[in-house]
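Step one of this worksheet: look at the structure below.
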Amino acid sequence: MEETPPPGCSKPHLEKLTLGITRILESSPGVTDVTIIEKPPAERHMISSWEQKNNCMLPEDVKNFYLMTNGFHMTWSVKLDEHTIPLGSMVINSISKLTQLNQSSVYSLPNAPTLADLEDDALEASENQPEKPHFDSRSVIFELDPCDGNGKVCLVYKRGKPALAQDAEIWFLDRALYWHFLTDTFTAYYRLLITHLGLPQWQYAFTSYGISPQAKQWFNMYKPITYNTNLLAEETNSFVNKLDPSKVFKSKNKTLSPKKKGPVQPAGEAAEDPGGQWSPSHQQEPS
């Protein structure tokens with residue numbers, strides 16, 4: 001008789017696919033309903049058929065991903081009082097839904113304008129930024145993640161067809177149709193997706209205008225597992241999960257007192273600071 005795995009226990013291949021993020025989420029305060037929709041691997045002929053149909057070669061890391069799972073969908077919720085609120089969402093479209101973005105018109109009318117008609121050629125790349133994708137034939141764009149309507153994460157070939165694997169990059173298209181560079185490989189993007197826990201609007205942290213105030217509140221409650229704390233407006237050690245009056249109002253309870261000069265510690269006995277390096281298994285205590 002086959003044993004049913006206990007709640008929260010994922011299969012080995014799913015654990016590898018999610019980099020162990022399920023255990024971190026399930027141990028976070030208030031997090032509930034951590035769900036992964038298991039998808040079978042894509043067959044090789046499906047990938048070859050996609051490449052022939054679109055005249056584009058998929059990068060090796062994208063192929064390997066689809067040979068492990070034909071798409072990815074992981075969600076988690078937060079329980080506040082008696083209400084359960086869907087919060088985190090991590091999506092990568094299946095090979096069949098990896099469709100070209102600029103094939104359809106903006107409006108479903110005859111002779112309607114396309115995305116290429118809306119493009120502003122005046123907005124070119126600056127010295128520190130790569131050249132932005134184009135909606136016309138100069139670029140080939142495929143949707144990886146619909147981002148719950150907050151934009152689109154796209155696999156972009158910036159040299160047109162036939163598209164080579166080494167020309168592929170990952171870009172974020174916001175709702176105002178502005179492009180923002182994310183990564184130059186799918187593997188790097190997948191790590192960003194996982195380490196940001198699928199938090200709402202996390203892709204906007206890589207834009208010049210940043211995430212919204214509402215999204216920032218969720219970021220402060222469930223911080224991304226990333227070394228780049230500059231994405232948040234507050235310090236890492238100011239993280240508070242629950243309303244803690246002793247911390248929230250501690251500035252009002254302070255009384256000014258003259259500073260006493262302590263004994264001078266010999267230089268040889270000074271504790272060494274490891275350099276502030278961060279690792280997933282170790283996080284500095286608030287000072």
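If you're wondering about the labels, chains in the structure tokens are A, B, ... by order shown, residues count from 1 in each chain, ligands from 1 in order shown.
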Among stretch 24-212 of chain A, which residues carry a DSSP assignment of strand (DSSP E), reported as a ChimeraX atom specification? /A:31-36,72-80,83-92,140-145,152-157,168-173,179-183
Residues near A:Gly151, cut-off 6 Å, only C-alpha atoms, skip fewer than 6 positions along chain, as a PyMOL selection string: chain A and resi 173-175
Store the residues of this selection in a file with all heavy atoms, as a PDB file, in the first residue's frame.
ATOM      1  N   LEU A 173       7.584  43.956 -19.732  1.00  0.00           N
ATOM      2  CA  LEU A 173       6.782  44.985 -20.406  1.00  0.00           C
ATOM      3  C   LEU A 173       5.707  45.448 -19.439  1.00  0.00           C
ATOM      4  O   LEU A 173       4.834  44.661 -19.052  1.00  0.00           O
ATOM      5  CB  LEU A 173       6.150  44.411 -21.674  1.00  0.00           C
ATOM      6  CG  LEU A 173       5.251  45.346 -22.488  1.00  0.00           C
ATOM      7  CD1 LEU A 173       6.064  46.486 -23.098  1.00  0.00           C
ATOM      8  CD2 LEU A 173       4.518  44.572 -23.583  1.00  0.00           C
ATOM      9  N   ASP A 174       5.758  46.707 -18.998  1.00  0.00           N
ATOM     10  CA  ASP A 174       4.777  47.177 -18.024  1.00  0.00           C
ATOM     11  C   ASP A 174       3.462  47.548 -18.716  1.00  0.00           C
ATOM     12  O   ASP A 174       3.332  47.458 -19.939  1.00  0.00           O
ATOM     13  CB  ASP A 174       5.339  48.334 -17.191  1.00  0.00           C
ATOM     14  CG  ASP A 174       5.571  49.608 -18.001  1.00  0.00           C
ATOM     15  OD1 ASP A 174       4.947  49.788 -19.072  1.00  0.00           O
ATOM     16  OD2 ASP A 174       6.396  50.441 -17.567  1.00  0.00           O
ATOM     17  N   ARG A 175       2.491  47.974 -17.944  1.00  0.00           N
ATOM     18  CA  ARG A 175       1.158  48.244 -18.491  1.00  0.00           C
ATOM     19  C   ARG A 175       1.120  49.478 -19.374  1.00  0.00           C
ATOM     20  O   ARG A 175       0.181  49.672 -20.140  1.00  0.00           O
ATOM     21  CB  ARG A 175       0.152  48.391 -17.344  1.00  0.00           C
ATOM     22  CG  ARG A 175      -0.041  47.102 -16.563  1.00  0.00           C
ATOM     23  CD  ARG A 175      -1.119  47.229 -15.518  1.00  0.00           C
ATOM     24  NE  ARG A 175      -2.418  47.461 -16.116  1.00  0.00           N
ATOM     25  CZ  ARG A 175      -3.544  47.630 -15.432  1.00  0.00           C
ATOM     26  NH1 ARG A 175      -3.511  47.564 -14.113  1.00  0.00           N
ATOM     27  NH2 ARG A 175      -4.676  47.850 -16.040  1.00  0.00           N
TER      28      ARG A 175
END
From A:Arg138, A:Gly88, A:Asp145, A:Val153, residue lying nearest A:Trp218 [only C-alpha atoms]: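 With only C-alpha atoms as the atom set, the closest residue is A:Gly88.
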Find the residue from A:Asn54, A:Tyr157, A:Lys39, A:Leu87 that sits nearest to A:Phe219; use only C-alpha atoms when measuring. A:Leu87
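Nearest to A:Ala163 of all the residues A:Lys53, A:His73, A:Lys16, A:Arg191 is A:Lys53, counting only C-alpha atoms.
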Non-local contacts of stretch 22-25 of chain A (8 Å; only C-alpha atoms; under 4 positions in same chain excluded) as a PyMOL selection string: chain A and resi 8+15+18+31+34
I need the chosen residues saved as a PDB file, in the first residue's frame, with all heavy atoms.
ATOM      1  N   GLY A   8       2.584  19.385   3.294  1.00  0.00           N
ATOM      2  CA  GLY A   8       3.785  20.204   3.235  1.00  0.00           C
ATOM      3  C   GLY A   8       4.980  19.473   2.673  1.00  0.00           C
ATOM      4  O   GLY A   8       6.010  20.063   2.417  1.00  0.00           O
ATOM      5  N   GLU A  15      10.721  19.576  -5.236  1.00  0.00           N
ATOM      6  CA  GLU A  15      11.592  20.259  -4.289  1.00  0.00           C
ATOM      7  C   GLU A  15      12.788  20.862  -5.016  1.00  0.00           C
ATOM      8  O   GLU A  15      13.205  21.990  -4.757  1.00  0.00           O
ATOM      9  CB  GLU A  15      12.060  19.275  -3.217  1.00  0.00           C
ATOM     10  CG  GLU A  15      12.870  19.900  -2.097  1.00  0.00           C
ATOM     11  CD  GLU A  15      12.008  20.610  -1.078  1.00  0.00           C
ATOM     12  OE1 GLU A  15      10.765  20.550  -1.182  1.00  0.00           O
ATOM     13  OE2 GLU A  15      12.586  21.241  -0.181  1.00  0.00           O
ATOM     14  N   THR A  18      11.594  23.922  -7.179  1.00  0.00           N
ATOM     15  CA  THR A  18      11.282  25.144  -6.431  1.00  0.00           C
ATOM     16  C   THR A  18      12.424  25.610  -5.541  1.00  0.00           C
ATOM     17  O   THR A  18      12.268  26.568  -4.781  1.00  0.00           O
ATOM     18  CB  THR A  18      10.036  24.924  -5.553  1.00  0.00           C
ATOM     19  OG1 THR A  18      10.302  23.851  -4.641  1.00  0.00           O
ATOM     20  CG2 THR A  18       8.824  24.570  -6.399  1.00  0.00           C
ATOM     21  N   VAL A  31       1.252  32.397   6.338  1.00  0.00           N
ATOM     22  CA  VAL A  31       1.205  31.812   5.001  1.00  0.00           C
ATOM     23  C   VAL A  31       0.431  30.500   5.027  1.00  0.00           C
ATOM     24  O   VAL A  31       0.611  29.664   5.910  1.00  0.00           O
ATOM     25  CB  VAL A  31       2.630  31.596   4.444  1.00  0.00           C
ATOM     26  CG1 VAL A  31       2.584  30.816   3.128  1.00  0.00           C
ATOM     27  CG2 VAL A  31       3.329  32.933   4.239  1.00  0.00           C
ATOM     28  N   VAL A  34       0.042  26.791   0.260  1.00  0.00           N
ATOM     29  CA  VAL A  34       1.149  26.780  -0.692  1.00  0.00           C
ATOM     30  C   VAL A  34       0.896  25.640  -1.683  1.00  0.00           C
ATOM     31  O   VAL A  34       0.872  24.469  -1.301  1.00  0.00           O
ATOM     32  CB  VAL A  34       2.504  26.596   0.013  1.00  0.00           C
ATOM     33  CG1 VAL A  34       3.640  26.595  -0.994  1.00  0.00           C
ATOM     34  CG2 VAL A  34       2.708  27.692   1.050  1.00  0.00           C
TER      35      VAL A  34
END
When distances are computed from only C-alpha atoms, which of A:Leu182, A:Leu14, A:Ala42, A:Val62 shows the smallest separation from A:Ala165?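 Using only C-alpha atoms, A:Ala165 sits closest to A:Val62.
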Kindly give the distance, in Å, that separates atom CA of A:Ala176 and atom CA of A:Leu197, rounded to a single decimal.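 Taking atom CA of A:Ala176 and atom CA of A:Leu197, their separation equals 24.4 Å.
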Between atom CA of A:Ile194 and atom CA of A:Ile21, what is the distance in Å, rounded to a tenth?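 Between atom CA of A:Ile194 and atom CA of A:Ile21 the gap is 7.2 Å.
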Skip stretch 99-101 of chain A itself and residues of its chain fewer than 4 positions away, then list as a PyMOL selection string all residues within 12 Å of it, counting only C-alpha atoms. chain A and resi 50-51+53-56+93-95+105-106+114-116+133-137+139-146+152-157+173
Output for the residues just chosen: N, CA, C and O atoms as a tab-separated table (two decimals), in the first residue's frame:
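For reference, selection_12.tsv as written:
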chain	number	residue	atom	x	y	z
A	50	TRP	N	7.76	23.59	-31.91
A	50	TRP	CA	7.65	25.01	-31.60
A	50	TRP	C	8.75	25.81	-32.31
A	50	TRP	O	8.49	26.88	-32.87
A	51	GLU	N	9.97	25.29	-32.31
A	51	GLU	CA	11.09	25.99	-32.96
A	51	GLU	C	10.87	26.11	-34.46
A	51	GLU	O	11.14	27.16	-35.06
A	53	LYS	N	7.95	26.00	-36.09
A	53	LYS	CA	6.78	26.85	-36.35
A	53	LYS	C	7.13	28.33	-36.21
A	53	LYS	O	6.69	29.17	-37.02
A	54	ASN	N	7.93	28.68	-35.19
A	54	ASN	CA	8.24	30.09	-34.93
A	54	ASN	C	9.56	30.55	-35.54
A	54	ASN	O	9.90	31.74	-35.43
A	55	ASN	N	10.31	29.62	-36.16
A	55	ASN	CA	11.60	29.95	-36.76
A	55	ASN	C	12.53	30.57	-35.72
A	55	ASN	O	13.25	31.54	-35.99
A	56	CYS	N	12.50	30.03	-34.50
A	56	CYS	CA	13.32	30.51	-33.39
A	56	CYS	C	13.91	29.31	-32.66
A	56	CYS	O	13.22	28.31	-32.44
A	93	ASN	N	4.60	30.10	-18.60
A	93	ASN	CA	3.67	29.47	-19.54
A	93	ASN	C	4.22	28.15	-20.07
A	93	ASN	O	5.43	27.97	-20.20
A	94	SER	N	3.31	27.25	-20.40
A	94	SER	CA	3.70	26.00	-21.05
A	94	SER	C	4.18	26.30	-22.46
A	94	SER	O	4.01	27.41	-22.99
A	95	ILE	N	4.80	25.32	-23.09
A	95	ILE	CA	5.34	25.51	-24.44
A	95	ILE	C	4.23	25.87	-25.43
A	95	ILE	O	4.45	26.65	-26.36
A	105	SER	N	-3.73	42.26	-33.14
A	105	SER	CA	-3.99	43.69	-33.09
A	105	SER	C	-4.38	44.10	-31.68
A	105	SER	O	-4.83	43.29	-30.87
A	106	VAL	N	-4.23	45.39	-31.39
A	106	VAL	CA	-4.63	45.90	-30.09
A	106	VAL	C	-6.14	45.82	-29.94
A	106	VAL	O	-6.68	45.50	-28.89
A	114	THR	N	-1.72	47.86	-34.54
A	114	THR	CA	-0.99	46.83	-33.82
A	114	THR	C	-0.05	47.48	-32.82
A	114	THR	O	0.06	48.71	-32.77
A	115	LEU	N	0.62	46.66	-32.01
A	115	LEU	CA	1.58	47.20	-31.06
A	115	LEU	C	2.70	47.96	-31.77
A	115	LEU	O	3.20	48.96	-31.25
A	116	ALA	N	3.08	47.51	-32.96
A	116	ALA	CA	4.14	48.19	-33.70
A	116	ALA	C	3.74	49.61	-34.07
A	116	ALA	O	4.58	50.52	-34.13
A	133	PRO	N	13.61	46.26	-26.84
A	133	PRO	CA	12.95	45.49	-27.91
A	133	PRO	C	12.01	46.36	-28.73
A	133	PRO	O	11.58	47.43	-28.28
A	134	HIS	N	11.69	45.88	-29.90
A	134	HIS	CA	10.75	46.57	-30.79
A	134	HIS	C	9.55	45.68	-31.05
A	134	HIS	O	9.66	44.44	-31.08
A	135	PHE	N	8.40	46.30	-31.25
A	135	PHE	CA	7.18	45.54	-31.50
A	135	PHE	C	7.06	45.12	-32.97
A	135	PHE	O	6.18	44.33	-33.31
A	136	ASP	N	7.90	45.67	-33.84
A	136	ASP	CA	7.83	45.29	-35.25
A	136	ASP	C	8.74	44.09	-35.50
A	136	ASP	O	9.19	43.41	-34.58
A	137	SER	N	9.07	43.85	-36.77
A	137	SER	CA	9.82	42.66	-37.15
A	137	SER	C	11.27	42.68	-36.69
A	137	SER	O	11.97	41.67	-36.81
A	139	SER	N	12.27	42.66	-33.69
A	139	SER	CA	12.35	41.79	-32.51
A	139	SER	C	11.26	40.72	-32.59
A	139	SER	O	10.22	40.92	-33.21
A	140	VAL	N	11.53	39.59	-31.96
A	140	VAL	CA	10.53	38.53	-31.83
A	140	VAL	C	10.30	38.33	-30.35
A	140	VAL	O	11.23	38.08	-29.58
A	141	ILE	N	9.03	38.44	-29.91
A	141	ILE	CA	8.71	38.51	-28.49
A	141	ILE	C	7.69	37.42	-28.15
A	141	ILE	O	6.66	37.28	-28.82
A	142	PHE	N	7.99	36.66	-27.08
A	142	PHE	CA	7.09	35.61	-26.62
A	142	PHE	C	6.77	35.83	-25.14
A	142	PHE	O	7.65	36.20	-24.36
A	143	GLU	N	5.52	35.60	-24.79
A	143	GLU	CA	5.07	35.84	-23.41
A	143	GLU	C	5.39	34.64	-22.53
A	143	GLU	O	4.93	33.53	-22.76
A	144	LEU	N	6.18	34.89	-21.47
A	144	LEU	CA	6.50	33.86	-20.48
A	144	LEU	C	5.53	33.87	-19.31
A	144	LEU	O	5.16	32.82	-18.79
A	145	ASP	N	5.14	35.07	-18.86
A	145	ASP	CA	4.33	35.22	-17.65
A	145	ASP	C	3.40	36.41	-17.81
A	145	ASP	O	3.86	37.53	-18.06
A	146	PRO	N	2.07	36.22	-17.68
A	146	PRO	CA	1.13	37.35	-17.80
A	146	PRO	C	1.10	38.25	-16.58
A	146	PRO	O	0.46	39.29	-16.60
A	152	LYS	N	3.85	42.04	-18.49
A	152	LYS	CA	4.20	40.76	-19.10
A	152	LYS	C	5.70	40.57	-19.03
A	152	LYS	O	6.46	41.48	-19.36
A	153	VAL	N	6.11	39.37	-18.60
A	153	VAL	CA	7.51	38.99	-18.71
A	153	VAL	C	7.67	38.23	-20.03
A	153	VAL	O	6.90	37.31	-20.32
A	154	CYS	N	8.66	38.64	-20.83
A	154	CYS	CA	8.77	38.13	-22.19
A	154	CYS	C	10.16	37.58	-22.49
A	154	CYS	O	11.17	38.08	-21.99
A	155	LEU	N	10.16	36.54	-23.31
A	155	LEU	CA	11.39	36.03	-23.92
A	155	LEU	C	11.56	36.78	-25.23
A	155	LEU	O	10.70	36.69	-26.12
A	156	VAL	N	12.64	37.53	-25.35
A	156	VAL	CA	12.81	38.47	-26.47
A	156	VAL	C	14.03	38.08	-27.29
A	156	VAL	O	15.13	37.88	-26.76
A	157	TYR	N	13.81	37.97	-28.60
A	157	TYR	CA	14.91	37.85	-29.57
A	157	TYR	C	15.02	39.20	-30.27
A	157	TYR	O	14.10	39.60	-31.00
A	173	LEU	N	7.58	43.96	-19.73
A	173	LEU	CA	6.78	44.99	-20.41
A	173	LEU	C	5.71	45.45	-19.44
A	173	LEU	O	4.83	44.66	-19.05
Nearest-residue call for A:Gly71, choices A:Thr84, A:Ile47, A:Trp202, A:Lys97, using only C-alpha atoms: A:Lys97
